[in-house]
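Structure file model01.cif (mmCIF, C-alpha atoms and all ligand atoms) is printed below.
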```cif
data_work
loop_
_atom_site.label_atom_id
_atom_site.label_comp_id
_atom_site.auth_asym_id
_atom_site.auth_seq_id
_atom_site.Cartn_x
_atom_site.Cartn_y
_atom_site.Cartn_z
CA MET A 1 24.27 5.21 -19.25
CA LYS A 2 21.09 7.16 -20.07
CA VAL A 3 21.84 10.44 -21.84
CA LEU A 4 19.42 13.25 -22.67
CA GLY A 5 20.39 14.96 -25.96
CA ILE A 6 19.43 18.58 -26.63
CA GLU A 7 19.84 20.07 -30.12
CA THR A 8 19.12 23.79 -30.60
CA SER A 9 21.80 24.96 -33.05
CA CYS A 10 19.43 26.39 -35.68
CA ASP A 11 15.71 26.11 -36.42
CA GLU A 12 14.83 22.74 -34.93
CA THR A 13 14.45 21.79 -31.27
CA GLY A 14 15.51 18.15 -31.06
CA ILE A 15 15.38 16.14 -27.83
CA ALA A 16 16.22 12.45 -27.37
CA ILE A 17 17.16 9.88 -24.75
CA TYR A 18 19.86 7.38 -25.66
CA ASP A 19 20.77 4.45 -23.43
CA SER A 20 24.26 3.02 -24.06
CA ASP A 21 22.94 -0.45 -23.12
CA ARG A 22 19.53 -0.43 -24.81
CA GLY A 23 19.94 2.06 -27.69
CA LEU A 24 17.69 4.98 -28.56
CA LEU A 25 14.74 5.11 -26.14
CA SER A 26 12.85 8.13 -27.52
CA HIS A 27 13.25 11.21 -29.67
CA LYS A 28 11.13 14.26 -30.45
CA LEU A 29 11.56 17.11 -32.89
CA HIS A 30 9.89 20.48 -33.17
CA SER A 31 10.51 22.25 -36.47
CA GLN A 32 10.29 26.05 -36.63
CA VAL A 33 9.70 26.06 -40.40
CA GLU A 34 6.25 27.68 -40.12
CA ILE A 35 7.54 30.45 -37.86
CA HIS A 36 10.38 31.47 -40.20
CA ALA A 37 8.56 30.90 -43.52
CA ASP A 38 7.15 34.46 -43.67
CA TYR A 39 10.72 35.83 -43.47
CA GLY A 40 12.11 33.53 -46.18
CA GLY A 41 14.82 32.17 -43.86
CA VAL A 42 15.82 31.63 -40.24
CA VAL A 43 15.55 34.67 -37.95
CA PRO A 44 18.07 33.94 -35.16
CA GLU A 45 16.29 35.81 -32.36
CA ILE A 46 12.97 34.13 -33.12
CA ALA A 47 14.73 30.74 -33.27
CA SER A 48 16.24 31.23 -29.79
CA ARG A 49 12.94 32.27 -28.25
CA ASP A 50 11.15 29.26 -29.70
CA HIS A 51 13.79 26.80 -28.41
CA VAL A 52 13.22 28.24 -24.91
CA ARG A 53 9.47 27.73 -25.28
CA LYS A 54 9.67 24.14 -26.52
CA TRP A 55 12.48 22.23 -24.83
CA VAL A 56 10.82 21.50 -21.48
CA THR A 57 7.67 19.96 -22.99
CA LEU A 58 9.70 17.93 -25.49
CA THR A 59 11.96 16.68 -22.69
CA ARG A 60 8.98 15.61 -20.56
CA THR A 61 7.43 13.80 -23.56
CA CYS A 62 10.72 12.03 -24.32
CA ALA A 63 11.06 10.85 -20.72
CA ALA A 64 7.45 9.60 -20.69
CA GLU A 65 7.94 7.74 -23.99
CA ALA A 66 11.19 6.22 -22.73
CA GLY A 67 9.35 5.13 -19.57
CA ILE A 68 11.77 6.88 -17.23
CA GLU A 69 11.73 9.75 -14.73
CA LEU A 70 14.18 12.61 -15.35
CA ASN A 71 16.05 11.67 -12.17
CA GLN A 72 16.97 8.36 -13.83
CA LEU A 73 19.11 10.21 -16.39
CA ASP A 74 22.87 9.79 -16.01
CA ALA A 75 24.00 12.78 -18.08
CA VAL A 76 22.95 15.56 -20.45
CA ALA A 77 24.53 16.28 -23.86
CA TYR A 78 23.75 19.55 -25.63
CA THR A 79 24.95 21.05 -28.92
CA ALA A 80 27.70 23.58 -28.10
CA GLY A 81 28.52 24.49 -31.73
CA PRO A 82 28.82 25.23 -34.57
CA GLY A 83 25.55 27.10 -35.08
CA LEU A 84 23.68 30.30 -34.23
CA ALA A 85 25.13 31.74 -31.01
CA GLY A 86 21.83 32.64 -29.35
CA ALA A 87 20.18 29.36 -30.30
CA LEU A 88 23.19 27.40 -29.01
CA PHE A 89 23.05 29.29 -25.72
CA THR A 90 19.44 28.26 -25.11
CA GLY A 91 20.39 24.57 -25.32
CA ALA A 92 23.58 25.03 -23.32
CA VAL A 93 21.80 26.86 -20.51
CA ALA A 94 18.94 24.34 -20.51
CA GLY A 95 21.31 21.36 -20.49
CA ARG A 96 23.61 22.67 -17.77
CA ALA A 97 20.71 23.85 -15.57
CA LEU A 98 18.96 20.48 -15.80
CA ALA A 99 22.20 18.61 -15.11
CA TRP A 100 22.95 20.85 -12.11
CA GLN A 101 19.46 20.29 -10.72
CA LEU A 102 19.77 16.51 -11.15
CA GLY A 103 23.36 16.40 -9.89
CA ILE A 104 24.64 14.75 -13.08
CA ARG A 105 27.30 15.57 -15.72
CA ALA A 106 26.68 17.70 -18.80
CA LEU A 107 28.70 17.83 -21.99
CA GLY A 108 28.78 20.25 -24.94
CA VAL A 109 28.72 18.28 -28.21
CA HIS A 110 30.04 19.22 -31.68
CA HIS A 111 27.02 19.43 -34.00
CA MET A 112 28.90 18.04 -37.02
CA GLU A 113 30.32 15.15 -34.98
CA GLY A 114 26.68 14.42 -34.13
CA HIS A 115 25.78 14.37 -37.85
CA LEU A 116 28.85 12.27 -38.67
CA LEU A 117 27.97 9.63 -36.06
CA ALA A 118 24.21 9.58 -36.81
CA PRO A 119 24.58 6.58 -39.21
CA MET A 120 25.82 4.61 -36.16
CA LEU A 121 22.25 4.69 -34.84
CA GLU A 122 21.23 2.42 -37.75
CA SER A 123 21.64 -1.29 -38.18
CA PRO A 124 23.97 -2.34 -39.67
CA ALA A 125 26.21 0.50 -38.52
CA PRO A 126 29.35 1.38 -40.50
CA ALA A 127 32.69 0.10 -39.20
CA PHE A 128 35.78 2.35 -38.95
CA PRO A 129 37.69 3.51 -40.90
CA PHE A 130 35.54 5.22 -43.53
CA VAL A 131 35.23 8.32 -45.67
CA CYS A 132 32.36 10.61 -44.65
CA LEU A 133 30.60 13.11 -46.87
CA LEU A 134 29.18 15.74 -44.51
CA VAL A 135 26.64 17.88 -46.32
CA SER A 136 24.43 20.37 -44.53
CA GLY A 137 23.36 24.01 -44.62
CA GLY A 138 26.79 25.18 -43.44
CA HIS A 139 29.15 22.37 -44.47
CA SER A 140 30.27 20.40 -47.55
CA GLN A 141 33.17 18.33 -46.33
CA LEU A 142 34.91 15.06 -47.04
CA VAL A 143 36.39 13.63 -43.87
CA LYS A 144 38.55 10.57 -43.27
CA VAL A 145 37.28 9.00 -40.08
CA ASP A 146 39.63 6.55 -38.35
CA SER A 147 37.59 6.40 -35.13
CA VAL A 148 35.41 8.72 -33.02
CA GLY A 149 37.31 12.01 -32.70
CA CYS A 150 40.02 11.11 -35.25
CA TYR A 151 39.02 13.23 -38.22
CA GLU A 152 41.16 14.27 -41.16
CA LEU A 153 39.64 16.92 -43.40
CA LEU A 154 40.17 15.78 -47.00
CA GLY A 155 38.11 18.42 -48.76
CA ASP A 156 35.96 21.43 -47.99
CA THR A 157 33.85 23.98 -49.79
CA LEU A 158 35.62 27.03 -51.17
CA ASP A 159 32.44 29.13 -50.99
CA ASP A 160 28.80 28.15 -50.39
CA ALA A 161 27.99 24.87 -48.69
CA VAL A 162 25.83 22.62 -50.87
CA GLY A 163 22.76 23.01 -48.62
CA GLU A 164 23.23 26.77 -48.69
CA ALA A 165 23.37 26.67 -52.52
CA PHE A 166 20.13 24.64 -52.59
CA ASP A 167 18.51 27.17 -50.22
CA LYS A 168 19.66 30.29 -52.09
CA THR A 169 18.79 28.88 -55.53
CA ALA A 170 15.36 27.82 -54.28
CA LYS A 171 14.76 31.32 -52.92
CA MET A 172 15.70 32.95 -56.24
CA LEU A 173 13.43 30.54 -58.10
CA GLY A 174 10.59 31.58 -55.80
CA LEU A 175 10.39 28.16 -54.16
CA GLY A 176 10.55 29.55 -50.63
CA TYR A 177 12.03 28.21 -47.41
CA PRO A 178 13.23 25.62 -46.52
CA GLY A 179 14.88 25.59 -49.92
CA GLY A 180 16.53 22.16 -50.14
CA PRO A 181 13.39 20.02 -49.91
CA ALA A 182 11.41 22.58 -52.00
CA LEU A 183 13.98 22.54 -54.80
CA ALA A 184 14.16 18.73 -54.73
CA LYS A 185 10.35 18.56 -55.01
CA ALA A 186 10.32 20.96 -57.99
CA ALA A 187 13.19 19.03 -59.61
CA ALA A 188 11.20 15.78 -59.42
CA SER A 189 8.71 17.26 -61.95
CA GLY A 190 11.37 18.83 -64.18
CA SER A 191 13.69 17.67 -66.93
CA PRO A 192 17.40 17.67 -66.04
CA GLU A 193 18.32 17.79 -69.76
CA ARG A 194 16.86 21.19 -70.69
CA PHE A 195 19.41 23.24 -68.72
CA LEU A 196 22.88 21.74 -68.62
CA PHE A 197 24.93 23.25 -65.82
CA PRO A 198 28.63 22.55 -65.18
CA ARG A 199 29.64 20.02 -62.51
CA PRO A 200 31.66 22.34 -60.28
CA MET A 201 35.31 21.39 -59.57
CA ALA A 202 34.83 18.02 -61.30
CA LYS A 203 38.21 18.31 -63.04
CA SER A 204 40.21 19.71 -60.12
CA ASP A 205 42.70 17.29 -58.60
CA ASP A 206 41.85 18.19 -55.02
CA LEU A 207 38.79 17.14 -53.02
CA ASN A 208 37.32 20.61 -52.56
CA PHE A 209 33.87 21.78 -53.59
CA SER A 210 32.47 25.04 -54.91
CA PHE A 211 28.77 25.66 -55.35
CA SER A 212 28.42 29.40 -55.74
CA GLY A 213 29.11 29.32 -59.52
CA LEU A 214 26.44 26.66 -60.02
CA LYS A 215 23.97 28.75 -58.02
CA THR A 216 24.75 31.80 -60.21
CA ALA A 217 24.44 29.71 -63.40
CA ALA A 218 20.97 28.54 -62.33
CA ILE A 219 19.84 32.06 -61.45
CA THR A 220 21.23 33.48 -64.73
CA ALA A 221 19.39 30.79 -66.71
CA PHE A 222 16.17 31.76 -64.91
CA GLU A 223 16.71 35.46 -65.73
CA LYS A 224 17.29 34.55 -69.40
CA THR A 225 13.87 32.88 -69.57
CA GLY A 226 12.37 36.19 -68.34
CA ARG A 227 11.70 34.50 -64.99
CA ASP A 228 9.28 32.13 -66.68
CA PRO A 229 7.46 30.09 -63.99
CA ALA A 230 7.23 27.22 -66.49
CA ALA A 231 11.04 26.91 -66.48
CA VAL A 232 11.42 26.60 -62.70
CA ASN A 233 11.11 22.82 -62.43
CA ASP A 234 13.59 22.24 -65.28
CA ILE A 235 16.14 24.65 -63.79
CA ALA A 236 15.69 22.99 -60.40
CA ALA A 237 16.28 19.57 -62.00
CA GLY A 238 19.38 20.81 -63.86
CA PHE A 239 20.77 22.36 -60.68
CA GLU A 240 20.08 19.30 -58.54
CA VAL A 241 21.71 16.80 -60.90
CA ALA A 242 24.80 19.01 -61.30
CA ALA A 243 25.14 19.45 -57.51
CA VAL A 244 24.76 15.78 -56.63
CA GLU A 245 27.04 14.63 -59.46
CA ALA A 246 29.72 17.06 -58.22
CA LEU A 247 29.41 15.50 -54.76
CA ALA A 248 29.52 11.94 -56.13
CA ILE A 249 32.62 12.63 -58.27
CA LYS A 250 34.55 13.87 -55.22
CA CYS A 251 33.36 10.95 -53.09
CA SER A 252 34.80 8.52 -55.65
CA LYS A 253 38.07 10.46 -55.76
CA ALA A 254 38.33 10.50 -51.95
CA LEU A 255 37.75 6.75 -51.68
CA GLN A 256 40.31 6.11 -54.39
CA GLN A 257 42.87 8.42 -52.77
CA GLU A 258 42.43 6.82 -49.34
CA ASN A 259 42.16 3.30 -50.77
CA MET A 260 38.88 2.76 -48.95
CA LYS A 261 35.53 1.26 -49.93
CA THR A 262 33.22 2.50 -47.20
CA LEU A 263 31.33 5.76 -47.63
CA VAL A 264 29.15 7.35 -44.95
CA VAL A 265 26.90 10.27 -45.88
CA ALA A 266 25.37 12.55 -43.25
CA GLY A 267 23.82 16.00 -42.73
CA GLY A 268 20.62 17.57 -44.08
CA VAL A 269 21.49 17.18 -47.79
CA ALA A 270 21.94 13.42 -47.21
CA ALA A 271 18.12 13.38 -47.21
CA ASN A 272 18.17 14.22 -50.94
CA THR A 273 16.72 11.27 -52.90
CA LYS A 274 18.75 11.97 -56.05
CA LEU A 275 22.00 12.03 -54.05
CA ARG A 276 21.09 8.82 -52.26
CA SER A 277 20.34 6.97 -55.52
CA LEU A 278 23.39 8.30 -57.37
CA LEU A 279 25.75 7.34 -54.54
CA LYS A 280 24.14 3.90 -54.37
CA GLU A 281 24.98 3.40 -58.08
CA THR A 282 28.49 4.78 -57.56
CA MET A 283 29.21 2.44 -54.66
CA GLN A 284 27.74 -0.60 -56.42
CA LYS A 285 30.19 -0.03 -59.28
CA ILE A 286 33.18 -0.32 -56.94
CA ASP A 287 31.56 -3.03 -54.81
CA GLY A 288 31.75 -0.69 -51.84
CA GLU A 289 29.56 -0.11 -48.80
CA LEU A 290 27.31 2.92 -48.38
CA TYR A 291 25.69 4.13 -45.15
CA PHE A 292 23.13 6.87 -44.54
CA PRO A 293 21.13 7.78 -41.45
CA ARG A 294 17.35 7.30 -41.76
CA LEU A 295 15.79 10.43 -43.31
CA GLU A 296 14.74 12.07 -40.03
CA PHE A 297 18.28 11.71 -38.65
CA CYS A 298 19.88 13.33 -41.73
CA THR A 299 18.54 16.75 -40.75
CA ASP A 300 19.03 18.22 -37.27
CA ASN A 301 17.82 16.02 -34.41
CA GLY A 302 18.42 15.29 -30.74
CA ALA A 303 19.25 11.59 -31.21
CA MET A 304 22.62 12.28 -32.86
CA ILE A 305 23.57 14.64 -30.01
CA ALA A 306 22.57 12.13 -27.32
CA TYR A 307 24.54 9.42 -29.16
CA ALA A 308 27.71 11.47 -29.77
CA GLY A 309 27.51 12.78 -26.20
CA ALA A 310 27.14 9.27 -24.74
CA PHE A 311 30.32 8.17 -26.54
CA ARG A 312 32.36 10.95 -24.93
CA LEU A 313 30.60 10.89 -21.53
CA LEU A 314 31.32 7.15 -21.24
CA ALA A 315 34.99 7.98 -21.80
CA GLY A 316 34.80 10.38 -18.82
CA GLU A 317 34.42 13.73 -20.57
CA ASN A 318 32.67 16.59 -18.83
CA SER A 319 32.28 20.29 -19.71
CA GLY A 320 33.26 22.78 -17.00
CA VAL A 321 30.59 24.72 -15.10
CA GLU A 322 31.03 27.74 -17.37
CA ILE A 323 28.30 27.94 -20.02
CA ALA A 324 30.23 28.28 -23.28
CA VAL A 325 29.26 27.82 -26.91
CA ARG A 326 31.35 27.87 -30.10
CA PRO A 327 29.39 29.25 -33.08
CA ARG A 328 32.45 28.44 -35.24
CA TRP A 329 34.15 25.17 -34.34
CA PRO A 330 36.24 23.26 -36.93
CA LEU A 331 35.57 19.52 -36.81
CA ASP A 332 39.24 18.60 -37.06
CA GLU A 333 39.89 20.31 -33.71
CA MET A 334 38.12 17.38 -32.08
CA ALA A 335 40.22 14.76 -30.32
CA ALA A 336 39.58 11.14 -29.38
CA PRO A 337 37.15 10.77 -26.43
CA GLY A 338 38.56 10.95 -22.91
O1 LIG B 1 21.85 19.27 -41.17
P1 LIG B 1 20.83 20.30 -41.36
O2 LIG B 1 19.41 19.99 -40.92
O3 LIG B 1 21.22 21.64 -40.67
C1 LIG B 1 22.53 22.13 -40.69
O4 LIG B 1 23.35 21.65 -39.86
O5 LIG B 1 22.79 22.97 -41.57
O6 LIG B 1 20.85 20.66 -42.92
C2 LIG B 1 19.99 21.60 -43.45
C3 LIG B 1 20.31 21.74 -44.94
C4 LIG B 1 19.53 22.88 -45.56
O7 LIG B 1 20.42 23.62 -46.38
C5 LIG B 1 18.47 22.16 -46.36
O8 LIG B 1 18.02 22.90 -47.48
C6 LIG B 1 19.20 20.90 -46.78
O9 LIG B 1 19.94 20.54 -45.64
N1 LIG B 1 18.27 19.83 -47.15
C7 LIG B 1 18.17 19.33 -48.41
C8 LIG B 1 17.16 18.36 -48.38
N2 LIG B 1 16.66 18.29 -47.10
C9 LIG B 1 17.37 19.22 -46.37
N3 LIG B 1 18.86 19.62 -49.53
C10 LIG B 1 18.55 18.95 -50.65
N4 LIG B 1 17.56 18.01 -50.70
C11 LIG B 1 16.85 17.69 -49.60
N5 LIG B 1 15.90 16.76 -49.67
ZN ZN B 2 22.87 20.14 -38.83
#
```
Output the file's structure as C-alpha cells, nothing else.
Ligand code: KG4
Ligand code: ZN
Amino acid sequence: MKVLGIETSCDETGIAIYDSDRGLLSHKLHSQVEIHADYGGVVPEIASRDHVRKWVTLTRTCAAEAGIELNQLDAVAYTAGPGLAGALFTGAVAGRALAWQLGIRALGVHHMEGHLLAPMLESPAPAFPFVCLLVSGGHSQLVKVDSVGCYELLGDTLDDAVGEAFDKTAKMLGLGYPGGPALAKAAASGSPERFLFPRPMAKSDDLNFSFSGLKTAAITAFEKTGRDPAAVNDIAAGFEVAAVEALAIKCSKALQQENMKTLVVAGGVAANTKLRSLLKETMQKIDGELYFPRLEFCTDNGAMIAYAGAFRLLAGENSGVEIAVRPRWPLDEMAAPG
C-alpha cells in the first residue's frame, strides 16, 4: 500500500510517500522558521497560509522522487491533531480533497502517535513492548507502549512541556526562535557548572515532569547577572543539563517500575545531543536498548504521518467524509488499529 503523508500541525510542511512493501520512498520538508523569526514565535495564521502555498509542490516533488504518479497512491494520511487548528485544517482539506479526486481512502492521524512510531522507520526498529519518552514543543510524556494504539500514560508534564521550556528560556536569553536548537548551540560553548539549577521533580515518586520552575530559575539567574551577555552560554548549559537529567531520571524510574529494558525517545527534543548522549549512558548502565529516530524525523515530518497512517489504513481504518480536526487530542484515547 502506497500512502501519502501530509503533516501541517505547526510550522513545518512535511510530505512523504511510504510503501508498506518497500518502505519510505520519498520525503520532503519545508520549514517556516524564516517566516516566523521576525515575530519571535509561530504566528498561526501565517503558518496556515504557508502550508496552503507549499503542499502541492512538495507532493509533486515527492511523487517524482518516488518514481510514481499520484494516481498510483492507495491512500492519504494527514495530521488531524493535536496542533494549531487552522494549520491542521489546511492538511485535512488538502488530504481529503486529493483522496476524493483520486477515489482513494483518507485517514486523519494523531500527530503524537506519528512521533511515537517514527523510530520504527529506522533499522533496527524497536520491538514491543517498550517505554517511550515523548518530548516535543507541546508534550513531555512517558508512555508504556504494548503495541500500536495500546498506550498507557505513565507520566506527564504538570506545566510547561520540555520543548516549550527550551523555547521560552531561549527567548528570554535573547537567543531567538526556534529556541530549542538555539539554546543547545549556546550551551555547547558554555560551562554547565557555573549555574547549578535544580533537577525538577527528581525526588518525586511519580513519573511526572515540571519545567516551569527551571525556566524561571534560569531567567532569574540571568536577571541577577544584570542580563550580562557573557553569562548566556553558561546559563544555557546549566539549564540544558538540568532539563535532560530530569528527563533521564524519570526514564530510569519508568523502566524500573514497568520492569522493562527498552526505551524509545521521540519528538523534537529527541534531537538534543546532550539528551541523546545521557540516555545512551543511562541505558548502557542497565544493559538496556535505546532507540531514537534519525535527527530529521525527531522534529515534525511527513514520513511519520505516512507510516502511522499506513499502519491503520492497512487495518481498514478510514475517516468519514466530514473534514474534522482535533487541536487537543489525548494520546491515550487512541485504540488498536481496525
Ligand atoms: O516535535 P516538534 O518538531 O514539534 C511539536 O510537535 O511540538 O518539536 C519541536 C520542539 C520545540 O520546542 C523545539 O525547541 C524542540 O522541539 N527542539 C529542541 C531541539 N530541536 C528541537 N530542543 C532541544 N534541543 C534541540 N536540539
Ligand atoms: Zn511534533
request  = Name the closest residue to ligand LIG 1 (chain B) among the candidates A:Thr273, A:Thr225, A:Ser140, A:Thr8; distances are taken between atoms, counting all atoms listed in the file.
outcome  = A:Thr273
message = So the first atom is CA of Val145 in chain A and the second is CA of Asp332 in chain A; what is the distance between them in Å, to one decimal place?
response = 10.3 Å
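Proximity to Val43 in chain A was assessed for A:Val162, A:Ala66, A:Ala87, A:Ile17 counting all atoms listed in the file; the smallest distance is recorded for A:Ala87.
The gap separating CA of Gly179 in chain A from CA of Met201 in chain A is 23.0 Å, in Å to one decimal.
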task = May I ask for the distance between CA of Pro229 in chain A and CA of Gly174 in chain A, given in Å to one decimal place?
result = 8.9 Å
task = Counting only C-alpha atoms, figure out which residue out of A:Pro129, A:Gly138, A:Gly114, A:Gly108 gets nearest to Cys10 in chain A.
result = A:Gly138
note = Judged by only C-alpha atoms and all ligand atoms, the minimum distance to ligand LIG 1 (chain B) among A:Gly190, A:Gly91, A:Gly41, A:Gly309 is found for A:Gly41
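For the choices A:Cys251, A:Ala118, A:Val241, A:Ile323, the atom-to-atom distance to ligand ZN 2 (chain B) is smallest for A:Ala118 when using all atoms listed in the file.
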Could you list, with a cut-off of 10 Å and counting only C-alpha atoms and all ligand atoms, the residues of chain A near ligand LIG 1 (chain B), each shown with its nearest atom pair and the distance in Å rounded to one decimal, rows sorted by chain and ascending number, as CSV?
```
residue,atom,partner,partner_atom,distance
A:Ser9,CA,B:LIG1,O4,7.7
A:Cys10,CA,B:LIG1,O3,7.1
A:Asp11,CA,B:LIG1,O3,8.3
A:Glu12,CA,B:LIG1,O2,8.0
A:Pro82,CA,B:LIG1,O4,8.4
A:Gly83,CA,B:LIG1,O4,7.6
A:His111,CA,B:LIG1,O4,7.3
A:Met112,CA,B:LIG1,O4,7.2
A:Gly114,CA,B:LIG1,O4,9.8
A:His115,CA,B:LIG1,O1,7.1
A:Leu134,CA,B:LIG1,O1,8.8
A:Val135,CA,B:LIG1,O1,7.2
A:Ser136,CA,B:LIG1,O6,3.9
A:Gly137,CA,B:LIG1,O5,3.3
A:Gly138,CA,B:LIG1,O5,4.9
A:His139,CA,B:LIG1,O5,7.0
A:Ser140,CA,B:LIG1,O5,9.9
A:Ala161,CA,B:LIG1,O7,8.0
A:Val162,CA,B:LIG1,O7,7.1
A:Gly163,CA,B:LIG1,O7,3.3
A:Glu164,CA,B:LIG1,O7,4.8
A:Ala165,CA,B:LIG1,O7,7.5
A:Phe166,CA,B:LIG1,O8,5.8
A:Asp167,CA,B:LIG1,O8,5.1
A:Lys168,CA,B:LIG1,O7,8.8
A:Ala170,CA,B:LIG1,O8,8.8
A:Tyr177,CA,B:LIG1,O8,8.0
A:Pro178,CA,B:LIG1,O8,5.6
A:Gly179,CA,B:LIG1,O8,4.8
A:Gly180,CA,B:LIG1,O8,3.1
A:Pro181,CA,B:LIG1,N5,4.1
A:Ala182,CA,B:LIG1,C11,7.7
A:Leu183,CA,B:LIG1,N4,7.1
A:Ala184,CA,B:LIG1,N4,5.3
A:Lys185,CA,B:LIG1,N5,7.9
A:Ala187,CA,B:LIG1,N4,10.0
A:Glu240,CA,B:LIG1,C10,8.0
A:Ala243,CA,B:LIG1,C10,9.5
A:Val244,CA,B:LIG1,C10,9.2
A:Ala266,CA,B:LIG1,O1,7.9
A:Gly267,CA,B:LIG1,O1,4.1
A:Gly268,CA,B:LIG1,O6,3.3
A:Val269,CA,B:LIG1,N3,4.0
A:Ala270,CA,B:LIG1,C8,7.0
A:Ala271,CA,B:LIG1,N5,4.7
A:Asn272,CA,B:LIG1,N5,3.6
A:Thr273,CA,B:LIG1,N5,6.4
A:Lys274,CA,B:LIG1,N4,8.2
A:Leu275,CA,B:LIG1,N4,8.2
A:Arg276,CA,B:LIG1,N5,9.8
A:Leu295,CA,B:LIG1,N2,8.8
A:Glu296,CA,B:LIG1,O2,9.2
A:Phe297,CA,B:LIG1,O2,8.7
A:Cys298,CA,B:LIG1,O1,6.3
A:Thr299,CA,B:LIG1,O2,3.4
A:Asp300,CA,B:LIG1,O2,4.1
A:Asn301,CA,B:LIG1,O2,7.8
```
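Using all atoms listed in the file, the nearest neighbour of Pro44 in chain A within the list A:Phe222, A:Phe197, A:Phe89, A:Trp329 is A:Phe89.
When the distance limit is 10 Å and all atoms listed in the file are what count, the residues near Pro330 in chain A, minus those fewer than 3 positions from it on the same chain, are Gly81, Pro82, His110, Met112, Leu153, Arg326, Pro327, Glu333 and Met334 of chain A.
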Could you put an axis-aligned box around every listed atom of range 243-246 of chain A, padded by 4 Å on each side, and send me its centre and edge lengths in Å to one decimal, as lines of an AutoDock Vina configuration file?
```
center_x = 27.2
center_y = 17.0
center_z = -58.0
size_x = 13.0
size_y = 12.8
size_z = 10.8
```
Who sits within 9 Å of Ala127 in chain A, only C-alpha atoms, same chain under 5 positions skipped, as JSON, numbers by chain = {"A": [120, 147, 262]}
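Neighbouring residues of Lys54 in chain A at 8 Å or closer, counting all atoms listed in the file and skipping chain neighbours under 3 positions away, are Thr13, His30, Asp50, His51, Thr57 and Leu58 of chain A.
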message = Please list as a ChimeraX atom specification every residue within 8 Å of Asn318 in chain A, counting only C-alpha atoms and excluding residues in the same chain fewer than 2 positions away.
response = /A:105-107,313,316,320
request  = Name the residues in contact with Ser26 in chain A at a cut-off of 8 Å, using only C-alpha atoms, excluding same-chain residues fewer than 3 positions from it; report them as number ranges by chain.
outcome  = A: 16-18, 62-63, 65-66
ask   = Within 9 Å of (27.0, 23.0, -63.6), all atoms listed in the file: residues as number ranges by chain?
value = A: 196-200, 211, 213-215, 217-218, 238-239, 241-243, 246
Can I get range 258-270 of chain A with N, CA and C atoms filled in, as a PDB file, in the coordinates of the input?
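Final output, selection37.pdb:
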```
ATOM      1  N   GLU A 258      42.192   7.414 -50.665  1.00  0.00           N
ATOM      2  CA  GLU A 258      42.430   6.820 -49.340  1.00  0.00           C
ATOM      3  C   GLU A 258      42.425   5.290 -49.389  1.00  0.00           C
ATOM      4  N   ASN A 259      42.211   4.750 -50.598  1.00  0.00           N
ATOM      5  CA  ASN A 259      42.160   3.300 -50.770  1.00  0.00           C
ATOM      6  C   ASN A 259      41.139   2.657 -49.830  1.00  0.00           C
ATOM      7  N   MET A 260      39.962   3.251 -49.827  1.00  0.00           N
ATOM      8  CA  MET A 260      38.880   2.760 -48.950  1.00  0.00           C
ATOM      9  C   MET A 260      37.655   2.434 -49.791  1.00  0.00           C
ATOM     10  N   LYS A 261      36.748   1.634 -49.194  1.00  0.00           N
ATOM     11  CA  LYS A 261      35.530   1.260 -49.930  1.00  0.00           C
ATOM     12  C   LYS A 261      34.274   1.495 -49.125  1.00  0.00           C
ATOM     13  N   THR A 262      34.408   2.217 -48.003  1.00  0.00           N
ATOM     14  CA  THR A 262      33.220   2.500 -47.200  1.00  0.00           C
ATOM     15  C   THR A 262      32.959   3.998 -47.181  1.00  0.00           C
ATOM     16  N   LEU A 263      31.734   4.354 -47.606  1.00  0.00           N
ATOM     17  CA  LEU A 263      31.330   5.760 -47.630  1.00  0.00           C
ATOM     18  C   LEU A 263      30.136   5.955 -46.708  1.00  0.00           C
ATOM     19  N   VAL A 264      30.239   6.981 -45.860  1.00  0.00           N
ATOM     20  CA  VAL A 264      29.150   7.350 -44.950  1.00  0.00           C
ATOM     21  C   VAL A 264      28.702   8.743 -45.341  1.00  0.00           C
ATOM     22  N   VAL A 265      27.411   8.948 -45.468  1.00  0.00           N
ATOM     23  CA  VAL A 265      26.900  10.270 -45.880  1.00  0.00           C
ATOM     24  C   VAL A 265      25.974  10.781 -44.787  1.00  0.00           C
ATOM     25  N   ALA A 266      26.184  12.017 -44.352  1.00  0.00           N
ATOM     26  CA  ALA A 266      25.370  12.550 -43.250  1.00  0.00           C
ATOM     27  C   ALA A 266      25.151  14.042 -43.405  1.00  0.00           C
ATOM     28  N   GLY A 267      24.185  14.582 -42.654  1.00  0.00           N
ATOM     29  CA  GLY A 267      23.820  16.000 -42.730  1.00  0.00           C
ATOM     30  C   GLY A 267      22.549  16.155 -43.553  1.00  0.00           C
ATOM     31  N   GLY A 268      21.934  17.336 -43.465  1.00  0.00           N
ATOM     32  CA  GLY A 268      20.620  17.570 -44.080  1.00  0.00           C
ATOM     33  C   GLY A 268      20.517  17.188 -45.544  1.00  0.00           C
ATOM     34  N   VAL A 269      21.569  17.458 -46.339  1.00  0.00           N
ATOM     35  CA  VAL A 269      21.490  17.180 -47.790  1.00  0.00           C
ATOM     36  C   VAL A 269      21.531  15.667 -48.055  1.00  0.00           C
ATOM     37  N   ALA A 270      21.955  14.883 -47.060  1.00  0.00           N
ATOM     38  CA  ALA A 270      21.940  13.420 -47.210  1.00  0.00           C
ATOM     39  C   ALA A 270      20.500  12.909 -47.339  1.00  0.00           C
TER      40      ALA A 270
END
```
